[in-house]
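**Student:** Sharing protein35.csv here; it has CSV, C-alpha atoms and all ligand atoms.
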chain,number,residue,atom,x,y,z
A,69,MET,CA,-8.6,2.2,-23.6
A,70,VAL,CA,-4.9,1.8,-23.2
A,71,LEU,CA,-4.6,5.6,-23.5
A,72,MET,CA,-6.3,6.0,-20.1
A,73,GLU,CA,-4.1,7.4,-17.3
A,74,THR,CA,-3.9,7.1,-13.6
A,75,ASN,CA,-1.9,8.7,-10.8
A,76,ILE,CA,1.1,6.5,-9.8
A,77,PHE,CA,3.3,7.5,-6.9
A,78,ASN,CA,6.1,5.0,-7.3
A,79,ILE,CA,7.4,2.2,-9.4
A,80,GLN,CA,9.9,0.1,-7.7
A,81,LYS,CA,12.0,-2.4,-9.5
A,82,TYR,CA,13.8,-5.6,-8.4
A,83,SER,CA,11.6,-6.1,-5.3
A,84,ILE,CA,11.7,-9.6,-3.8
A,85,HIS,CA,9.2,-9.0,-1.0
A,86,ASP,CA,5.8,-8.7,-2.5
A,87,GLY,CA,5.0,-11.9,-4.3
A,88,PRO,CA,7.3,-14.6,-5.8
A,89,GLY,CA,10.6,-14.0,-7.6
A,90,ILE,CA,12.0,-10.6,-8.7
A,91,ARG,CA,9.1,-8.2,-9.2
A,92,THR,CA,8.3,-4.7,-10.3
A,93,LEU,CA,6.0,-2.9,-7.9
A,94,VAL,CA,3.5,-0.4,-9.2
A,95,PHE,CA,1.9,1.9,-6.6
A,96,PHE,CA,-1.4,3.4,-7.4
A,97,LYS,CA,-2.1,6.7,-5.6
A,98,GLY,CA,-5.4,6.7,-3.6
A,99,CYS,CA,-7.0,4.6,-0.9
A,100,PRO,CA,-10.4,4.5,0.8
A,101,LEU,CA,-8.7,3.5,4.1
A,102,ARG,CA,-6.9,5.7,6.6
A,103,CYS,CA,-4.8,3.2,8.6
A,104,GLU,CA,-3.2,5.1,11.5
A,105,TRP,CA,0.1,3.2,11.1
A,106,CYS,CA,0.3,3.6,7.3
A,107,SER,CA,3.9,3.6,6.2
A,108,ASN,CA,3.0,5.2,2.8
A,109,PRO,CA,1.0,8.3,3.6
A,110,GLU,CA,1.5,9.6,0.1
A,111,SER,CA,-0.6,6.6,-1.1
A,112,GLN,CA,-3.8,7.8,0.6
A,113,SER,CA,-4.9,10.9,-1.4
A,114,PHE,CA,-6.0,10.3,-5.0
A,115,GLU,CA,-4.5,13.7,-5.9
A,116,LYS,CA,-1.0,14.7,-6.6
A,117,GLN,CA,0.7,16.3,-3.5
A,118,ILE,CA,3.4,18.7,-2.7
A,119,ILE,CA,6.4,17.4,-0.7
A,120,TYR,CA,8.7,19.7,1.3
A,121,LYS,CA,12.0,18.2,2.5
A,122,LYS,CA,13.3,20.5,5.1
A,123,GLN,CA,16.8,19.0,5.2
A,124,MET,CA,17.3,19.9,1.5
A,125,CYS,CA,16.1,23.5,1.9
A,126,SER,CA,18.8,26.3,1.6
A,127,ASP,CA,16.3,28.9,3.0
A,128,CYS,CA,16.7,31.0,-0.1
A,129,LYS,CA,13.0,31.9,0.1
A,130,LYS,CA,12.5,32.0,-3.7
A,131,CYS,CA,9.4,29.8,-3.3
A,132,LEU,CA,7.6,32.5,-1.3
A,133,GLU,CA,7.4,34.9,-4.2
A,134,SER,CA,6.4,32.2,-6.7
A,135,CYS,CA,3.3,31.0,-4.8
A,136,PRO,CA,0.1,32.9,-5.9
A,137,GLU,CA,-1.9,31.4,-3.1
A,138,GLY,CA,0.1,32.5,-0.1
A,139,VAL,CA,0.7,28.9,1.0
A,140,ILE,CA,4.4,29.5,1.9
A,141,SER,CA,5.6,31.7,4.7
A,142,ALA,CA,9.0,32.1,6.5
A,143,SER,CA,9.8,31.7,10.1
A,144,ASN,CA,12.7,30.7,12.3
A,145,ASN,CA,15.2,30.0,9.5
A,146,SER,CA,12.8,27.7,7.6
A,147,ILE,CA,9.7,27.9,5.5
A,148,GLN,CA,6.3,26.8,6.5
A,149,LEU,CA,3.5,25.5,4.2
A,150,ASP,CA,-0.2,25.8,4.8
A,151,TYR,CA,-0.9,22.6,2.8
A,152,ALA,CA,-4.7,23.0,2.9
A,153,LYS,CA,-4.5,26.2,0.8
A,154,CYS,CA,-2.3,24.7,-1.9
A,155,LYS,CA,-3.9,24.6,-5.4
A,156,LEU,CA,-1.2,22.3,-6.8
A,157,CYS,CA,0.0,24.7,-9.5
A,158,PHE,CA,3.6,23.5,-8.7
A,159,ARG,CA,5.1,26.9,-9.6
A,160,CYS,CA,7.1,26.8,-6.4
A,161,ILE,CA,8.7,23.6,-7.5
A,162,GLU,CA,10.0,25.2,-10.7
A,163,THR,CA,11.6,28.0,-8.7
A,164,CYS,CA,13.2,25.9,-5.9
A,165,PRO,CA,16.9,25.6,-6.7
A,166,SER,CA,17.6,22.8,-4.2
A,167,GLY,CA,15.0,20.2,-4.9
A,168,ALA,CA,13.5,20.7,-1.5
A,169,LEU,CA,10.0,21.0,-3.0
A,170,SER,CA,8.7,18.2,-5.3
A,171,ILE,CA,5.6,16.6,-6.6
A,172,CYS,CA,4.3,13.3,-5.4
A,173,GLY,CA,2.4,11.4,-8.0
A,174,GLN,CA,2.5,11.4,-11.8
A,175,ASN,CA,0.0,10.5,-14.5
A,176,MET,CA,1.0,7.4,-16.3
A,177,LYS,CA,-0.6,5.5,-19.2
A,178,VAL,CA,-1.1,1.7,-19.3
A,179,ASP,CA,1.4,1.3,-22.2
A,180,GLU,CA,4.1,3.3,-20.3
A,181,ILE,CA,3.9,1.0,-17.3
A,182,VAL,CA,3.7,-2.2,-19.3
A,183,SER,CA,6.8,-1.3,-21.4
A,184,LEU,CA,8.7,-0.3,-18.3
A,185,ALA,CA,7.8,-3.5,-16.6
A,186,ALA,CA,8.5,-5.6,-19.7
A,187,LYS,CA,12.1,-4.6,-19.7
A,188,ASP,CA,12.7,-6.9,-16.8
A,189,LYS,CA,11.1,-9.9,-18.3
A,190,PRO,CA,14.4,-11.9,-18.3
A,191,PHE,CA,14.5,-11.4,-14.5
A,192,TYR,CA,10.9,-12.5,-14.1
A,193,ARG,CA,11.4,-15.6,-16.2
A,194,LYS,CA,14.5,-16.6,-14.3
A,195,THR,CA,13.0,-16.2,-10.8
A,196,GLY,CA,9.3,-16.8,-11.3
A,197,GLY,CA,8.7,-13.1,-10.7
A,198,GLY,CA,6.5,-10.5,-12.4
A,199,VAL,CA,4.5,-7.3,-11.5
A,200,THR,CA,2.7,-6.6,-8.3
A,201,ILE,CA,0.2,-3.8,-8.4
A,202,SER,CA,-0.1,-2.1,-5.0
A,203,GLY,CA,-1.2,1.2,-3.6
A,204,GLY,CA,-3.1,2.8,-2.1
A,205,GLU,CA,-5.8,0.5,-3.2
A,206,PRO,CA,-5.6,-0.7,-6.8
A,207,PHE,CA,-9.3,-1.7,-6.9
A,208,ALA,CA,-10.2,1.9,-6.2
A,209,ASN,CA,-9.2,2.5,-9.9
A,210,ILE,CA,-10.8,-0.6,-11.4
A,211,ASP,CA,-11.0,0.4,-15.1
A,212,PHE,CA,-7.3,1.3,-15.2
A,213,LEU,CA,-6.4,-1.7,-13.2
A,214,ILE,CA,-8.1,-4.1,-15.6
A,215,GLU,CA,-6.5,-2.5,-18.6
A,216,LEU,CA,-3.1,-2.7,-16.9
A,217,LEU,CA,-3.5,-6.3,-16.1
A,218,LYS,CA,-4.6,-7.1,-19.6
A,219,GLY,CA,-1.5,-5.3,-21.0
A,220,LEU,CA,0.8,-7.3,-18.7
A,221,LYS,CA,-0.9,-10.5,-19.7
A,222,VAL,CA,-0.3,-9.7,-23.4
A,223,GLU,CA,3.4,-9.6,-22.4
A,224,ARG,CA,2.9,-12.9,-20.5
A,225,ILE,CA,4.0,-11.3,-17.2
A,226,HIS,CA,2.9,-12.9,-13.9
A,227,THR,CA,0.5,-10.5,-12.1
A,228,ALA,CA,-0.2,-9.9,-8.5
A,229,ILE,CA,-2.5,-7.4,-6.8
A,230,GLU,CA,-1.9,-6.2,-3.2
A,231,THR,CA,-5.3,-5.2,-1.8
A,232,THR,CA,-7.0,-4.1,1.4
A,233,GLY,CA,-10.0,-6.1,0.2
A,234,TYR,CA,-12.2,-3.0,0.7
A,235,THR,CA,-13.9,-3.0,-2.7
A,236,SER,CA,-16.9,-4.5,-4.4
A,237,TRP,CA,-16.9,-8.2,-5.1
A,238,ASP,CA,-17.7,-7.4,-8.7
A,239,ASN,CA,-14.4,-5.5,-9.0
A,240,ILE,CA,-12.4,-8.4,-7.7
A,241,CYS,CA,-14.3,-10.8,-10.0
A,242,ARG,CA,-13.4,-8.6,-13.0
A,243,SER,CA,-9.7,-8.8,-12.2
A,244,LEU,CA,-9.4,-12.6,-11.6
A,245,GLU,CA,-9.2,-13.5,-15.3
A,246,PHE,CA,-5.9,-11.5,-15.6
A,247,THR,CA,-4.5,-12.0,-12.1
A,248,ASP,CA,-2.2,-14.8,-10.9
A,249,LEU,CA,-2.0,-14.0,-7.3
A,250,LEU,CA,-3.8,-11.8,-4.7
A,251,LEU,CA,-2.0,-10.5,-1.6
A,252,TYR,CA,-4.9,-9.9,0.7
A,253,ASP,CA,-4.6,-7.8,3.8
A,254,LEU,CA,-6.6,-8.9,6.9
A,255,LYS,CA,-6.2,-6.5,9.8
A,256,HIS,CA,-8.8,-7.3,12.4
A,257,THR,CA,-12.0,-9.3,12.8
A,258,ASP,CA,-13.7,-6.7,15.1
A,259,SER,CA,-15.5,-4.3,12.8
A,260,HIS,CA,-15.7,-1.5,15.3
A,261,LYS,CA,-12.0,-1.6,16.1
A,262,HIS,CA,-11.2,-1.9,12.4
A,263,GLU,CA,-13.2,1.3,11.8
A,264,VAL,CA,-11.6,3.3,14.6
A,265,TYR,CA,-8.1,2.6,13.3
A,266,THR,CA,-8.6,2.4,9.5
A,267,GLY,CA,-11.7,4.6,9.0
A,268,VAL,CA,-13.8,1.7,7.5
A,269,LYS,CA,-15.7,-1.3,8.8
A,270,ASN,CA,-14.5,-4.7,7.8
A,271,GLU,CA,-17.6,-6.8,6.8
A,272,ILE,CA,-17.0,-6.3,3.1
A,273,ILE,CA,-13.3,-7.3,3.5
A,274,LEU,CA,-14.2,-10.5,5.3
A,275,GLU,CA,-17.0,-11.4,2.9
A,276,ASN,CA,-14.8,-10.8,-0.2
A,277,LEU,CA,-12.1,-13.0,1.3
A,278,LYS,CA,-14.6,-15.9,1.8
A,279,MET,CA,-15.8,-15.4,-1.8
A,280,LEU,CA,-12.2,-15.3,-3.1
A,281,ASP,CA,-11.5,-18.6,-1.4
A,282,THR,CA,-14.2,-20.3,-3.6
A,283,THR,CA,-12.7,-19.1,-6.9
A,284,GLY,CA,-9.5,-21.1,-7.3
A,285,CYS,CA,-7.4,-18.0,-7.7
A,286,GLU,CA,-4.2,-18.2,-5.7
A,287,TYR,CA,-4.1,-15.8,-2.8
A,288,TRP,CA,-2.0,-15.1,0.3
A,289,VAL,CA,-3.4,-13.4,3.4
A,290,ARG,CA,-1.2,-10.8,5.0
A,291,VAL,CA,-1.7,-9.7,8.6
A,292,PRO,CA,0.0,-6.5,9.7
A,293,ILE,CA,1.1,-6.9,13.3
A,294,ILE,CA,0.3,-3.5,14.8
A,295,PRO,CA,1.1,-2.6,18.4
A,296,THR,CA,-2.0,-1.5,20.5
A,297,PHE,CA,-4.3,-2.6,17.6
A,298,ASN,CA,-4.0,-6.3,17.0
A,299,ASP,CA,-0.7,-7.6,18.5
A,300,ASP,CA,-2.2,-9.7,21.3
A,301,MET,CA,-2.8,-13.4,21.2
A,302,ARG,CA,-6.6,-13.1,21.6
A,303,THR,CA,-7.0,-10.8,18.6
A,304,LEU,CA,-4.5,-12.8,16.4
A,305,SER,CA,-6.3,-16.0,17.4
A,306,SER,CA,-9.5,-14.5,16.2
A,307,ILE,CA,-7.9,-13.5,12.9
A,308,PHE,CA,-6.4,-16.9,12.4
A,309,ASP,CA,-9.7,-18.7,13.5
A,310,PHE,CA,-11.2,-16.9,10.5
A,311,ILE,CA,-8.3,-17.8,8.2
A,312,SER,CA,-8.4,-21.4,9.3
A,313,CYS,CA,-12.0,-21.7,7.9
A,314,LEU,CA,-10.7,-20.9,4.4
A,315,ASN,CA,-10.1,-24.0,2.2
A,316,ASN,CA,-7.7,-22.7,-0.4
A,317,ILE,CA,-5.3,-20.3,1.3
A,318,LYS,CA,-1.7,-20.8,0.1
A,319,LYS,CA,0.0,-19.0,2.9
A,320,ALA,CA,-0.3,-16.3,5.6
A,321,GLU,CA,2.3,-13.7,6.2
A,322,LEU,CA,2.8,-11.6,9.4
A,323,LEU,CA,3.8,-8.0,8.4
A,324,PRO,CA,5.7,-6.4,11.3
A,325,TYR,CA,4.9,-2.8,12.1
A,326,HIS,CA,7.7,-0.4,11.2
A,327,ARG,CA,8.3,3.3,11.4
A,328,LEU,CA,10.1,3.8,8.1
A,329,GLY,CA,7.5,6.2,6.7
A,330,VAL,CA,7.2,8.5,9.7
A,331,GLY,CA,9.3,11.3,8.2
A,332,LYS,CA,7.0,11.4,5.1
A,333,TYR,CA,4.1,12.7,7.2
A,334,ALA,CA,5.8,16.0,8.0
A,335,GLN,CA,6.9,16.4,4.4
A,336,LEU,CA,3.3,16.1,3.3
A,337,GLY,CA,1.9,18.2,6.1
A,338,MET,CA,0.1,15.2,7.6
A,339,GLU,CA,-0.3,14.1,11.2
A,340,TYR,CA,1.2,10.7,12.3
A,341,LYS,CA,-1.1,9.4,14.9
A,342,PHE,CA,1.2,6.4,15.8
A,343,ASP,CA,4.0,8.7,16.8
A,344,ARG,CA,4.4,7.3,20.4
A,345,ILE,CA,4.0,3.6,19.3
A,346,ASN,CA,7.1,1.5,19.4
A,347,THR,CA,7.9,-1.4,17.1
A,348,ASN,CA,7.7,-5.0,18.4
A,349,SER,CA,11.0,-6.8,19.1
A,350,THR,CA,12.1,-9.6,16.8
A,351,ALA,CA,11.9,-12.0,19.7
A,352,PHE,CA,8.2,-11.1,20.3
A,353,LEU,CA,7.3,-11.6,16.6
A,354,VAL,CA,9.0,-14.9,16.5
A,355,GLU,CA,7.2,-16.0,19.7
A,356,MET,CA,3.9,-14.9,18.1
A,357,LYS,CA,4.7,-16.8,14.9
A,358,ASP,CA,5.6,-19.9,16.7
A,359,TYR,CA,2.4,-19.7,18.8
A,360,LEU,CA,0.3,-19.4,15.7
A,361,ILE,CA,2.1,-22.2,13.8
A,362,HIS,CA,1.6,-24.5,16.8
A,363,LYS,CA,-2.1,-23.5,17.1
A,364,TYR,CA,-2.9,-23.6,13.3
A,365,PRO,CA,-0.6,-26.3,11.9
A,366,ASP,CA,-2.5,-26.5,8.6
A,367,ILE,CA,-1.7,-22.9,7.7
A,368,LYS,CA,1.7,-22.0,6.3
A,369,ILE,CA,2.7,-19.0,8.4
A,370,SER,CA,5.8,-16.8,8.0
A,371,ILE,CA,7.1,-13.4,9.0
A,372,HIS,CA,7.3,-11.0,6.0
A,373,GLU,CA,10.9,-9.7,5.6
B,1,LIG,S1,2.0,24.2,-5.7
B,1,LIG,FE1,1.3,26.3,-6.3
B,1,LIG,S2,-0.2,26.8,-4.7
B,1,LIG,FE2,0.9,25.0,-3.9
B,1,LIG,S3,2.5,25.9,-2.7
B,1,LIG,FE3,3.4,25.6,-4.7
B,1,LIG,S4,3.1,27.5,-5.8
B,1,LIG,FE4,1.7,27.5,-4.0
B,2,LIG,S1,12.9,27.8,-2.9
B,2,LIG,FE1,13.4,25.7,-2.2
B,2,LIG,S2,15.4,26.0,-1.1
B,2,LIG,FE2,14.5,28.1,-1.4
B,2,LIG,S3,13.4,28.4,0.6
B,2,LIG,FE3,11.9,27.5,-0.9
B,2,LIG,S4,12.0,25.3,-0.5
B,2,LIG,FE4,13.8,26.2,0.4
Show me the file's structure as structure tokens.
**Tutor:**
Amino acid sequence: MVLMETNIFNIQKYSIHDGPGIRTLVFFKGCPLRCEWCSNPESQSFEKQIIYKKQMCSDCKKCLESCPEGVISASNNSIQLDYAKCKLCFRCIETCPSGALSICGQNMKVDEIVSLAAKDKPFYRKTGGGVTISGGEPFANIDFLIELLKGLKVERIHTAIETTGYTSWDNICRSLEFTDLLLYDLKHTDSHKHEVYTGVKNEIILENLKMLDTTGCEYWVRVPIIPTFNDDMRTLSSIFDFISCLNNIKKAELLPYHRLGVGKYAQLGMEYKFDRINTNSTAFLVEMKDYLIHKYPDIKISIHE
């Protein structure tokens, strides 16, 4: 079983933001949601993707000849890609001398990830850290996820899963034996609005969270604060009314909207629907946090850094 592979789009070491202590973050490629504000658009497709970084391109046009599918064309001192026609043969990448073309995603085995993560065990031990499996949606690749968690547990590494909650309860149940912490996203309580902005309804997410609360597994709820979607007091109160009915929540984090991933959309040939949406000011976020702390004194609420 440990020979099975999955598509990983990033492994980030020495992170201090996604779970306790110093952590290695493992990002699975593929997600059933399509959040319009997503800062990791490369996480959405389950397939590998081709990335074109215009600023690195020397305009040599070598890639044009190498592509058998006619994906690449030249115009106005730069090249254009018709991403929909790409068959992912990656010949163009081999011919590109400047690194402007690259692949997003690589097949990795459980053992490879575990041994990479295990190298940092001294840091985990010293800081109470470990490995956080993120995405994408890790539960969308449940068999690999379970094998990876088992492998990490053999190494006695603390494990966390960052999830949208959009999966079957059976999948979550299967993971709990090998999971120390769940970082659980809660975006909106209104199912219609949730569907308009993320592509899926939210009933299963809310139900799974209620079930998770009864298991004794440690979990934190994370609420992304997204302008025009949920950054008003009424909507946030509705979310925190729901959270306040949970008995075993350890803490709630507010995740400020940011635009750090905007440039990746163009590189992947994707549309960024939130292009005209600005970030919230720090003062606004602090005001919101203070309001929620005052209204829900029993919940430990902080702003995610
Ligand atoms: S990956 Fe293959 S099909 Fe896609 S653009 Fe490059 S050469 Fe063409
Ligand atoms: S081969 Fe690379 S550097 Fe040359 S035009 Fe194509 S993307 Fe640009």
**Student:** To one decimal place, how far is CA of Leu213 in chain A from CA of Ser183 in chain A in Å?
**Tutor:**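 Computed distance, CA of Leu213 in chain A to CA of Ser183 in chain A, equals 15.5 Å.
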**Student:** Which of these residues is nearest to ligand LIG 2 (chain B), using only C-alpha atoms and all ligand atoms: A:Thr200, A:Ser141, A:Gln112, A:Ser236?
**Tutor:**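 Selected residue with least distance to ligand LIG 2 (chain B): A:Ser141.
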**Student:** Using only C-alpha atoms, which residue out of A:His260, A:Ile214, A:Met338, A:Ile79 lies closest to Leu149 in chain A?
**Tutor:**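 Smallest distance to Leu149 in chain A is found for A:Met338.
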**Student:** Could you pull out the residues sitting within 6 Å of ligand LIG 1 (chain B), using only C-alpha atoms and all ligand atoms, and write them as number ranges by chain?
**Tutor:** A: 134-137, 139, 154-160
**Student:** Chain A near ligand LIG 2 (chain B) within 7 Å: what's each residue's closest atom pair and its distance in Å to one decimal, counting only C-alpha atoms and all ligand atoms, ordered by chain then ascending residue number, as a Markdown table?
**Tutor:**
| residue | atom | partner | partner_atom | distance |
| --- | --- | --- | --- | --- |
| A:Tyr120 | CA | B:LIG2 | S4 | 6.7 |
| A:Met124 | CA | B:LIG2 | S2 | 6.9 |
| A:Cys125 | CA | B:LIG2 | FE4 | 3.9 |
| A:Ser126 | CA | B:LIG2 | S2 | 4.4 |
| A:Asp127 | CA | B:LIG2 | S3 | 3.8 |
| A:Cys128 | CA | B:LIG2 | FE2 | 3.9 |
| A:Lys129 | CA | B:LIG2 | S3 | 3.6 |
| A:Lys130 | CA | B:LIG2 | S1 | 4.3 |
| A:Cys131 | CA | B:LIG2 | S1 | 4.1 |
| A:Leu132 | CA | B:LIG2 | FE3 | 6.6 |
| A:Ile147 | CA | B:LIG2 | S3 | 6.2 |
| A:Cys160 | CA | B:LIG2 | S1 | 6.8 |
| A:Thr163 | CA | B:LIG2 | S1 | 5.9 |
| A:Cys164 | CA | B:LIG2 | S1 | 3.6 |
| A:Pro165 | CA | B:LIG2 | FE1 | 5.7 |
| A:Ser166 | CA | B:LIG2 | S2 | 5.0 |
| A:Gly167 | CA | B:LIG2 | FE1 | 6.3 |
| A:Ala168 | CA | B:LIG2 | S4 | 4.9 |
| A:Leu169 | CA | B:LIG2 | S4 | 5.4 |
**Student:** Rounded to one decimal, what separation in Å do you get between CA of Asp150 in chain A and CA of Lys122 in chain A?
**Tutor:** 14.5 Å
**Student:** How far is it from CA of Glu162 in chain A to CA of Lys121 in chain A, in Å with one decimal?
**Tutor:**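 It comes out at 15.1 Å.
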**Student:** Compile the contact shell of Gly331 in chain A as a list in words: residues with an atom at most 12 Å away, counting all atoms listed in the file, same-chain residues fewer than 3 positions apart removed.
**Tutor:**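 Counting all atoms listed in the file, the residues come to Cys106, Ser107, Asn108, Pro109, Glu110, Ile119, Tyr120, Lys121, Lys122, Gln123, Arg327, Leu328, Ala334, Gln335, Leu336, Gly337, Met338, Glu339, Tyr340 and Asp343 of chain A.
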**Student:** List the residues sitting within 10 Å of (-1.0, -2.8, 15.3) in the file's frame, using all atoms listed in the file, as a list in words.
**Tutor:**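 Neighbouring residues, ordered by chain and number, come to Cys103, Glu104, Trp105, Lys255, His256, Tyr265, Val291, Pro292, Ile293, Ile294, Pro295, Thr296, Phe297, Asn298, Asp299, Asp300, Leu323, Pro324, Tyr325, His326, Phe342, Ile345, Thr347 and Asn348 of chain A.
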**Student:** Using all atoms listed in the file, which of the listed residues (A:Arg290, A:Lys261, A:Lys318, A:Lys278) sits closest to Glu230 in chain A?
**Tutor:**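 Once distances to Glu230 in chain A are computed over all atoms listed in the file, the minimum belongs to A:Arg290.
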**Student:** With distances taken over all atoms listed in the file, which of A:Asn346, A:Gly98, A:Tyr252, A:Leu280 is nearest to Ala320 in chain A?
**Tutor:** A:Tyr252
**Student:** Kindly assemble as CSV a list of the range 239-350 of chain A residues that lie within 12 Å of range 361-365 of chain A, each paired with its nearest atom pair and their distance in Å to one decimal, using all atoms listed in the file, sorted first by chain and then by ascending residue number.
**Tutor:**
residue,atom,partner,partner_atom,distance
A:Met301,CA,A:Lys363,CA,10.9
A:Leu304,CA,A:Lys363,CA,11.0
A:Ser305,CA,A:Lys363,CA,8.6
A:Ser306,CA,A:Tyr364,CA,11.6
A:Ile307,CA,A:Tyr364,CA,11.3
A:Phe308,CA,A:Tyr364,CA,7.6
A:Asp309,CA,A:Tyr364,CA,8.4
A:Phe310,CA,A:Tyr364,CA,11.0
A:Ile311,CA,A:Tyr364,CA,9.4
A:Ser312,CA,A:Tyr364,CA,7.1
A:Cys313,CA,A:Tyr364,CA,10.8
A:Lys319,CA,A:Ile361,CA,11.6
A:Ala320,CA,A:Ile361,CA,10.4
A:Glu321,CA,A:Ile361,CA,11.4
A:Leu322,CA,A:Ile361,CA,11.5
**Student:** Nearest to Arg302 in chain A: which of A:Thr266, A:Ser111, A:Asn144, A:Thr257 is it, counting all atoms listed in the file?
**Tutor:** A:Thr257
**Student:** Which polymer residues have any atom within 10 Å of an atom of Phe191 in chain A, counting all atoms listed in the file, with same-chain residues fewer than 3 positions away left out, as a list in words?
**Tutor:** Tyr82, Gly89, Ile90, Arg91, Ala186, Lys187, Asp188, Lys194, Thr195, Gly196, Gly197 and Gly198 of chain A
**Student:** Got a sec to check which residues sit within 10 Å of (-2.5, -14.8, -9.1), counting only C-alpha atoms, and write them as a PyMOL selection string?
**Tutor:** chain A and resi 87+200+226-229+243-251+284-288
**Student:** Counting only C-alpha atoms, figure out which residue out of A:Ile369, A:Leu254, A:Val94, A:Ile240 gets nearest to Met279 in chain A.
**Tutor:**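 When distances to Met279 in chain A are compared using only C-alpha atoms, the smallest one comes from A:Ile240.
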**Student:** Do you know which residues are at most 7 Å from Phe96 in chain A counting all atoms listed in the file, after dropping those on the same chain fewer than 6 positions away, and could you put them as an MDAnalysis selection string?
**Tutor:** chainID A and resid 75:77 202:206
